[in-house]
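Data file: query34.txt. Format and content: compact mmCIF, N, CA and C atoms.
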# COMPACT_ATOMS: atom_id res chain seq x y z
N MET A 20 31.41 240.24 45.55
CA MET A 20 31.21 239.69 46.87
C MET A 20 32.56 239.71 47.59
N PHE A 21 32.48 239.83 48.90
CA PHE A 21 33.64 239.96 49.77
C PHE A 21 33.43 239.05 50.97
N ALA A 22 34.49 238.40 51.45
CA ALA A 22 34.38 237.51 52.61
C ALA A 22 35.31 237.97 53.72
N ARG A 23 34.83 237.79 54.93
CA ARG A 23 35.57 238.16 56.13
C ARG A 23 35.57 236.94 57.05
N LYS A 24 36.74 236.36 57.27
CA LYS A 24 36.86 235.14 58.08
C LYS A 24 37.42 235.51 59.44
N ALA A 25 36.79 235.00 60.50
CA ALA A 25 37.24 235.25 61.87
C ALA A 25 37.54 233.92 62.54
N PHE A 26 38.69 233.86 63.22
CA PHE A 26 39.11 232.67 63.96
C PHE A 26 38.95 232.96 65.44
N PHE A 27 38.00 232.28 66.09
CA PHE A 27 37.70 232.47 67.51
C PHE A 27 38.26 231.31 68.32
N ARG A 28 38.57 231.57 69.59
CA ARG A 28 38.91 230.52 70.54
C ARG A 28 38.03 230.72 71.76
N LEU A 29 37.28 229.67 72.12
CA LEU A 29 36.43 229.73 73.30
C LEU A 29 37.27 229.69 74.57
N LYS A 30 36.74 230.28 75.63
CA LYS A 30 37.43 230.25 76.93
C LYS A 30 37.51 228.84 77.48
N SER A 31 36.45 228.07 77.27
CA SER A 31 36.42 226.67 77.70
C SER A 31 35.29 225.95 76.96
N ILE A 32 35.34 224.65 76.97
CA ILE A 32 34.28 223.86 76.33
C ILE A 32 32.94 224.11 77.01
N SER A 33 32.96 224.41 78.30
CA SER A 33 31.72 224.61 79.04
C SER A 33 30.92 225.81 78.55
N VAL A 34 31.54 226.74 77.80
CA VAL A 34 30.81 227.91 77.28
C VAL A 34 30.38 227.72 75.82
N SER A 35 30.59 226.53 75.28
CA SER A 35 30.27 226.26 73.88
C SER A 35 28.80 226.53 73.55
N SER A 36 27.90 226.01 74.36
CA SER A 36 26.46 226.23 74.12
C SER A 36 26.09 227.70 74.28
N GLU A 37 26.67 228.35 75.28
CA GLU A 37 26.39 229.77 75.49
C GLU A 37 26.88 230.60 74.29
N PHE A 38 28.07 230.26 73.78
CA PHE A 38 28.60 230.95 72.61
C PHE A 38 27.64 230.80 71.43
N GLN A 39 27.20 229.56 71.17
CA GLN A 39 26.32 229.31 70.03
C GLN A 39 24.99 230.04 70.18
N CYS A 40 24.41 230.01 71.36
CA CYS A 40 23.14 230.71 71.59
C CYS A 40 23.30 232.21 71.44
N THR A 41 24.38 232.75 71.98
CA THR A 41 24.64 234.19 71.86
C THR A 41 24.84 234.55 70.39
N PHE A 42 25.57 233.72 69.69
CA PHE A 42 25.81 233.99 68.27
C PHE A 42 24.50 233.98 67.49
N ASP A 43 23.69 232.94 67.71
CA ASP A 43 22.42 232.82 66.98
C ASP A 43 21.43 233.92 67.33
N ASN A 44 21.33 234.27 68.61
CA ASN A 44 20.28 235.18 69.08
C ASN A 44 20.67 236.65 69.13
N GLU A 45 21.97 236.94 69.19
CA GLU A 45 22.40 238.34 69.28
C GLU A 45 23.27 238.78 68.10
N ILE A 46 24.24 237.96 67.75
CA ILE A 46 25.18 238.36 66.70
C ILE A 46 24.55 238.27 65.31
N LEU A 47 23.91 237.16 64.98
CA LEU A 47 23.30 237.04 63.65
C LEU A 47 22.26 238.12 63.37
N PRO A 48 21.36 238.44 64.31
CA PRO A 48 20.42 239.54 64.03
C PRO A 48 21.15 240.87 63.82
N LEU A 49 22.21 241.10 64.56
CA LEU A 49 22.99 242.33 64.40
C LEU A 49 23.65 242.36 63.01
N LEU A 50 24.25 241.24 62.61
CA LEU A 50 24.84 241.16 61.28
C LEU A 50 23.78 241.35 60.19
N SER A 51 22.65 240.69 60.35
CA SER A 51 21.59 240.76 59.34
C SER A 51 21.07 242.17 59.13
N SER A 52 21.20 243.02 60.13
CA SER A 52 20.72 244.39 60.00
C SER A 52 21.72 245.30 59.29
N GLN A 53 22.91 244.79 58.98
CA GLN A 53 23.95 245.61 58.36
C GLN A 53 23.79 245.66 56.85
N LYS A 54 24.00 246.84 56.29
CA LYS A 54 23.93 247.03 54.84
C LYS A 54 24.97 246.13 54.17
N GLY A 55 24.53 245.40 53.17
CA GLY A 55 25.43 244.57 52.38
C GLY A 55 25.71 243.19 52.93
N PHE A 56 25.19 242.85 54.12
CA PHE A 56 25.43 241.53 54.68
C PHE A 56 24.65 240.49 53.88
N ILE A 57 25.34 239.41 53.47
CA ILE A 57 24.71 238.35 52.69
C ILE A 57 24.44 237.12 53.54
N GLY A 58 25.41 236.69 54.33
CA GLY A 58 25.22 235.49 55.13
C GLY A 58 26.45 235.15 55.95
N GLU A 59 26.30 234.13 56.77
CA GLU A 59 27.35 233.73 57.71
C GLU A 59 27.47 232.21 57.73
N LEU A 60 28.68 231.72 57.80
CA LEU A 60 28.96 230.30 57.93
C LEU A 60 29.83 230.13 59.16
N MET A 61 29.47 229.19 60.03
CA MET A 61 30.30 228.90 61.21
C MET A 61 30.76 227.46 61.13
N LEU A 62 32.04 227.25 61.42
CA LEU A 62 32.63 225.91 61.44
C LEU A 62 33.12 225.60 62.85
N ALA A 63 32.85 224.38 63.30
CA ALA A 63 33.30 223.94 64.62
C ALA A 63 33.32 222.42 64.66
N ASN A 64 34.17 221.87 65.49
CA ASN A 64 34.20 220.43 65.76
C ASN A 64 33.80 220.20 67.21
N PRO A 65 33.03 219.16 67.47
CA PRO A 65 32.66 218.86 68.86
C PRO A 65 33.92 218.69 69.72
N GLY A 66 33.90 219.28 70.89
CA GLY A 66 35.01 219.16 71.81
C GLY A 66 36.17 220.10 71.53
N SER A 67 36.05 220.92 70.51
CA SER A 67 37.13 221.86 70.16
C SER A 67 36.80 223.25 70.66
N LEU A 68 37.83 223.99 71.03
CA LEU A 68 37.67 225.38 71.46
C LEU A 68 37.64 226.32 70.25
N GLU A 69 38.04 225.83 69.09
CA GLU A 69 38.15 226.67 67.89
C GLU A 69 36.80 226.84 67.20
N ARG A 70 36.55 228.07 66.75
CA ARG A 70 35.38 228.40 65.94
C ARG A 70 35.86 229.28 64.80
N ILE A 71 35.39 229.00 63.61
CA ILE A 71 35.73 229.81 62.44
C ILE A 71 34.42 230.29 61.83
N THR A 72 34.32 231.59 61.63
CA THR A 72 33.14 232.14 60.97
C THR A 72 33.58 232.84 59.70
N THR A 73 32.73 232.75 58.69
CA THR A 73 32.96 233.47 57.44
C THR A 73 31.69 234.24 57.14
N SER A 74 31.82 235.56 57.11
CA SER A 74 30.68 236.39 56.72
C SER A 74 30.87 236.84 55.29
N LEU A 75 29.78 236.85 54.54
CA LEU A 75 29.78 237.26 53.14
C LEU A 75 29.10 238.61 53.02
N TRP A 76 29.73 239.49 52.25
CA TRP A 76 29.28 240.87 52.10
C TRP A 76 29.17 241.21 50.62
N GLU A 77 28.27 242.12 50.29
CA GLU A 77 28.13 242.54 48.91
C GLU A 77 29.38 243.26 48.42
N SER A 78 30.07 243.97 49.30
CA SER A 78 31.28 244.69 48.90
C SER A 78 32.25 244.81 50.07
N ALA A 79 33.50 245.11 49.75
CA ALA A 79 34.51 245.35 50.78
C ALA A 79 34.11 246.55 51.62
N ALA A 80 33.51 247.56 50.99
CA ALA A 80 33.10 248.76 51.73
C ALA A 80 32.06 248.42 52.79
N ASP A 81 31.13 247.51 52.49
CA ASP A 81 30.13 247.09 53.47
C ASP A 81 30.80 246.40 54.67
N ALA A 82 31.75 245.50 54.39
CA ALA A 82 32.47 244.79 55.47
C ALA A 82 33.32 245.77 56.29
N GLU A 83 33.92 246.73 55.62
CA GLU A 83 34.73 247.72 56.34
C GLU A 83 33.87 248.61 57.23
N ARG A 84 32.67 248.94 56.77
CA ARG A 84 31.74 249.74 57.58
C ARG A 84 31.33 248.95 58.82
N TYR A 85 31.06 247.65 58.64
CA TYR A 85 30.75 246.78 59.78
C TYR A 85 31.93 246.76 60.76
N GLN A 86 33.14 246.58 60.24
CA GLN A 86 34.34 246.54 61.08
C GLN A 86 34.48 247.83 61.90
N ALA A 87 34.24 248.96 61.25
CA ALA A 87 34.44 250.26 61.91
C ALA A 87 33.33 250.61 62.89
N ASN A 88 32.09 250.21 62.59
CA ASN A 88 30.95 250.70 63.37
C ASN A 88 30.27 249.68 64.28
N VAL A 89 30.45 248.39 64.03
CA VAL A 89 29.67 247.38 64.76
C VAL A 89 30.54 246.31 65.43
N TYR A 90 31.68 245.99 64.84
CA TYR A 90 32.48 244.86 65.31
C TYR A 90 32.86 244.96 66.79
N SER A 91 33.12 246.16 67.29
CA SER A 91 33.47 246.29 68.71
C SER A 91 32.30 245.84 69.60
N ARG A 92 31.06 246.07 69.16
CA ARG A 92 29.88 245.58 69.90
C ARG A 92 29.83 244.07 69.90
N VAL A 93 30.15 243.47 68.76
CA VAL A 93 30.17 242.00 68.65
C VAL A 93 31.19 241.43 69.63
N LEU A 94 32.38 242.01 69.65
CA LEU A 94 33.41 241.52 70.59
C LEU A 94 32.96 241.66 72.04
N LYS A 95 32.31 242.75 72.36
CA LYS A 95 31.82 242.94 73.73
C LYS A 95 30.76 241.89 74.09
N ILE A 96 29.84 241.64 73.17
CA ILE A 96 28.80 240.63 73.41
C ILE A 96 29.41 239.25 73.63
N LEU A 97 30.43 238.91 72.84
CA LEU A 97 31.04 237.58 72.92
C LEU A 97 32.14 237.47 73.98
N SER A 98 32.48 238.56 74.64
CA SER A 98 33.62 238.57 75.56
C SER A 98 33.52 237.57 76.71
N LYS A 99 32.29 237.19 77.10
CA LYS A 99 32.14 236.21 78.18
C LYS A 99 32.54 234.81 77.72
N THR A 100 32.54 234.58 76.41
CA THR A 100 32.76 233.23 75.91
C THR A 100 34.03 233.04 75.10
N ILE A 101 34.63 234.12 74.59
CA ILE A 101 35.82 233.95 73.75
C ILE A 101 37.08 234.41 74.47
N ASP A 102 38.18 233.80 74.09
CA ASP A 102 39.48 234.11 74.68
C ASP A 102 40.25 235.02 73.71
N GLY A 103 40.53 236.23 74.15
CA GLY A 103 41.30 237.15 73.31
C GLY A 103 40.49 237.75 72.18
N THR A 104 41.22 238.27 71.20
CA THR A 104 40.61 238.90 70.03
C THR A 104 40.75 237.97 68.84
N PRO A 105 39.68 237.73 68.11
CA PRO A 105 39.76 236.85 66.94
C PRO A 105 40.72 237.38 65.88
N LYS A 106 41.37 236.45 65.18
CA LYS A 106 42.17 236.81 64.02
C LYS A 106 41.22 236.97 62.85
N ILE A 107 41.43 238.01 62.05
CA ILE A 107 40.56 238.29 60.91
C ILE A 107 41.37 238.19 59.62
N HIS A 108 40.80 237.50 58.64
CA HIS A 108 41.36 237.44 57.30
C HIS A 108 40.25 237.88 56.34
N THR A 109 40.61 238.60 55.30
CA THR A 109 39.61 239.02 54.32
C THR A 109 39.96 238.49 52.94
N PHE A 110 38.93 238.34 52.11
CA PHE A 110 39.08 237.77 50.78
C PHE A 110 38.26 238.58 49.78
N ASP A 111 38.94 239.01 48.72
CA ASP A 111 38.27 239.79 47.68
C ASP A 111 37.60 238.93 46.62
N GLN A 112 38.06 237.71 46.45
CA GLN A 112 37.46 236.80 45.46
C GLN A 112 36.68 235.72 46.18
N VAL A 113 35.40 235.65 45.90
CA VAL A 113 34.53 234.68 46.55
C VAL A 113 33.68 233.98 45.51
N VAL A 114 33.69 232.66 45.53
CA VAL A 114 32.77 231.85 44.74
C VAL A 114 32.14 230.88 45.72
N PHE A 115 30.83 230.89 45.79
CA PHE A 115 30.08 230.10 46.77
C PHE A 115 29.06 229.27 46.00
N THR A 116 29.10 227.94 46.16
CA THR A 116 28.23 227.06 45.40
C THR A 116 27.39 226.22 46.35
N LEU A 117 26.09 226.18 46.13
CA LEU A 117 25.18 225.33 46.88
C LEU A 117 24.59 224.28 45.93
N HIS A 118 24.55 223.04 46.37
CA HIS A 118 23.95 221.98 45.56
C HIS A 118 22.62 221.59 46.20
N ASN A 119 21.61 221.33 45.36
CA ASN A 119 20.30 221.00 45.91
C ASN A 119 20.05 219.51 46.00
N GLY A 120 21.04 218.67 45.70
CA GLY A 120 20.87 217.23 45.81
C GLY A 120 20.39 216.58 44.53
N GLU A 121 20.05 217.37 43.53
CA GLU A 121 19.58 216.83 42.26
C GLU A 121 20.52 217.23 41.13
N ASN A 122 21.80 217.28 41.45
CA ASN A 122 22.83 217.69 40.49
C ASN A 122 22.60 219.07 39.90
N GLU A 123 21.87 219.89 40.61
CA GLU A 123 21.73 221.29 40.24
C GLU A 123 22.46 222.10 41.28
N ALA A 124 23.06 223.18 40.86
CA ALA A 124 23.82 224.00 41.79
C ALA A 124 23.50 225.47 41.58
N VAL A 125 23.62 226.21 42.64
CA VAL A 125 23.51 227.66 42.59
C VAL A 125 24.91 228.17 42.92
N ARG A 126 25.48 228.90 42.01
CA ARG A 126 26.82 229.46 42.25
C ARG A 126 26.69 230.97 42.35
N ILE A 127 27.27 231.50 43.40
CA ILE A 127 27.21 232.93 43.65
C ILE A 127 28.64 233.45 43.61
N SER A 128 28.84 234.52 42.90
CA SER A 128 30.17 235.08 42.79
C SER A 128 30.10 236.55 42.46
N GLY A 129 31.12 237.27 42.86
CA GLY A 129 31.24 238.66 42.47
C GLY A 129 31.80 238.79 41.06
N TYR A 130 32.11 237.66 40.44
CA TYR A 130 32.71 237.64 39.11
C TYR A 130 31.75 237.00 38.13
N PRO A 131 31.27 237.74 37.12
CA PRO A 131 30.26 237.22 36.19
C PRO A 131 30.63 235.90 35.54
N GLU A 132 31.91 235.68 35.23
CA GLU A 132 32.28 234.44 34.57
C GLU A 132 32.10 233.22 35.46
N ALA A 133 32.01 233.41 36.77
CA ALA A 133 31.85 232.29 37.70
C ALA A 133 30.39 232.07 38.08
N ALA A 134 29.51 233.00 37.76
CA ALA A 134 28.11 232.90 38.17
C ALA A 134 27.33 232.02 37.20
N THR A 135 26.35 231.30 37.72
CA THR A 135 25.45 230.51 36.88
C THR A 135 24.03 230.90 37.19
N ALA A 136 23.15 230.63 36.25
CA ALA A 136 21.75 231.00 36.43
C ALA A 136 21.07 230.07 37.43
N LEU A 137 20.09 230.61 38.11
CA LEU A 137 19.28 229.80 39.02
C LEU A 137 18.33 228.93 38.20
N PRO A 138 18.01 227.73 38.69
CA PRO A 138 16.99 226.93 38.01
C PRO A 138 15.68 227.70 37.95
N LYS A 139 14.85 227.46 36.92
CA LYS A 139 13.61 228.21 36.72
C LYS A 139 12.70 228.21 37.94
N GLU A 140 12.60 227.09 38.63
CA GLU A 140 11.69 227.03 39.78
C GLU A 140 12.17 227.90 40.93
N ARG A 141 13.43 228.35 40.88
CA ARG A 141 13.93 229.20 41.95
C ARG A 141 14.22 230.62 41.46
N ALA A 142 13.79 230.91 40.26
CA ALA A 142 14.05 232.25 39.72
C ALA A 142 13.44 233.29 40.64
N GLY A 143 14.17 234.37 40.85
CA GLY A 143 13.68 235.43 41.72
C GLY A 143 14.02 235.23 43.18
N SER A 144 14.56 234.07 43.51
CA SER A 144 14.96 233.85 44.90
C SER A 144 16.47 233.88 44.97
N SER A 145 16.99 233.87 46.15
CA SER A 145 18.44 233.83 46.32
C SER A 145 18.74 232.94 47.52
N PRO A 146 19.98 232.47 47.63
CA PRO A 146 20.31 231.66 48.80
C PRO A 146 20.02 232.39 50.10
N ARG A 147 20.10 233.72 50.09
CA ARG A 147 19.83 234.47 51.31
C ARG A 147 18.42 234.22 51.81
N ASN A 148 17.44 234.15 50.90
CA ASN A 148 16.07 233.99 51.37
C ASN A 148 15.54 232.58 51.19
N THR A 149 16.37 231.63 50.76
CA THR A 149 15.89 230.26 50.65
C THR A 149 16.52 229.33 51.68
N LEU A 150 17.61 229.75 52.30
CA LEU A 150 18.21 228.91 53.33
C LEU A 150 17.48 229.11 54.65
N SER A 151 17.45 228.07 55.45
CA SER A 151 16.75 228.18 56.72
C SER A 151 17.58 228.97 57.73
N THR A 152 16.90 229.51 58.72
CA THR A 152 17.58 230.23 59.78
C THR A 152 18.09 229.24 60.81
N PRO A 153 19.08 229.63 61.60
CA PRO A 153 19.64 228.70 62.59
C PRO A 153 18.59 228.31 63.63
N SER A 154 18.72 227.08 64.08
CA SER A 154 17.84 226.59 65.12
C SER A 154 18.34 227.07 66.47
N THR A 155 17.43 227.57 67.27
CA THR A 155 17.81 228.00 68.62
C THR A 155 17.21 227.05 69.66
N SER A 156 16.78 225.88 69.21
CA SER A 156 16.14 224.94 70.13
C SER A 156 17.08 224.47 71.23
N ALA A 157 18.38 224.48 70.98
CA ALA A 157 19.34 224.05 72.00
C ALA A 157 19.58 225.12 73.05
N CYS A 158 19.10 226.32 72.79
CA CYS A 158 19.30 227.42 73.73
C CYS A 158 18.29 227.31 74.86
N SER A 159 18.77 227.52 76.02
CA SER A 159 17.92 227.46 77.20
C SER A 159 17.76 228.87 77.76
N SER A 160 16.56 229.23 78.10
CA SER A 160 16.34 230.56 78.68
C SER A 160 16.66 230.57 80.17
N SER A 161 16.80 229.41 80.75
CA SER A 161 17.11 229.40 82.18
C SER A 161 18.63 229.32 82.38
N SER A 162 19.08 229.93 83.42
CA SER A 162 20.50 229.92 83.74
C SER A 162 20.81 228.75 84.65
N PRO A 163 22.03 228.17 84.51
CA PRO A 163 22.39 227.08 85.43
C PRO A 163 22.50 227.59 86.85
N ALA A 164 22.15 226.76 87.80
CA ALA A 164 22.17 227.16 89.21
C ALA A 164 23.55 227.28 89.75

I'd like the structure from this file rewritten - as C-alpha cells, please.
Amino acid sequence: MFARKAFFRLKSISVSSEFQCTFDNEILPLLSSQKGFIGELMLANPGSLERITTSLWESAADAERYQANVYSRVLKILSKTIDGTPKIHTFDQVVFTLHNGENEAVRISGYPEAATALPKERAGSSPRNTLSTPSTSACSSSSPA
C-alpha cells in the first residue's frame, strides 16, 4: 500500500462548503475510477482554511499514474476554491487500522507482518466496500444569489 498526502489551503472560509461539495461530487468519483485507488481521508477543522487529504493506493505505480494523468484535472476542478498548488508528500509504508467498537480491529498494510485477519462475519469484505460513502446532504444544487 502507498499513501499520498496533499496539503490544501482554501481561498477563504466562504468557499469551504463549495470545496467539500466539489470534492465529494467530482473529485472522489474521479479518484474511485482510478486503477489501484483504495480510499481517501480528509482532515479539516471548522473555521480553518487548511485541508489535508490522504489517498491510499495499492502501489506507488498506481499513485504515480494518477499524478501523471489525472491530478492536473483535479487541480483545475478545485481551482475556484483552493489557493495555490497543494504540497504533496508520499509514504511507502502504510498501516491503517479500523476499530469496530467491540475491541475488534481491521488492520490493512502492505506489509504481511502488520496485517491481521478480518473477523469471520466480515470475511470476504474489505474496508473499501464496508465503509459508507460521504454524505452530500450539505450540498446545495442552487447557487447563491

Do you know which residues are at most 6 Å from Pro105 in chain A counting only C-alpha atoms, after dropping those on the same chain fewer than 2 positions away, and could you put them as a list in words?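 In the requested format, the answer is Ala25, Phe26 and Phe27 of chain A.
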
Using only C-alpha atoms, the shortest atom-to-atom distance to Ser98 in chain A among A:Gln86, A:Asn119, A:Thr41, A:Ser52 belongs to A:Thr41

Of the candidates A:Leu29, A:Val34, A:Ala63, A:Val93, which shows the shortest atom-to-atom distance to Leu49 in chain A, using only C-alpha atoms?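 Closest to Leu49 in chain A, using only C-alpha atoms: A:Val93.
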
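Checking A:Ser31, A:Ser74, A:Ser91, A:Gln39 one by one against Phe56 in chain A, counting all atoms listed in the file, you find the shortest gap at A:Ser74.
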
Ranking A:Leu94, A:Ala80, A:Val114, A:Ile71 by minimum distance to Arg28 in chain A and counting all atoms listed in the file, which one comes first?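 Smallest distance to Arg28 in chain A is found for A:Ile71.
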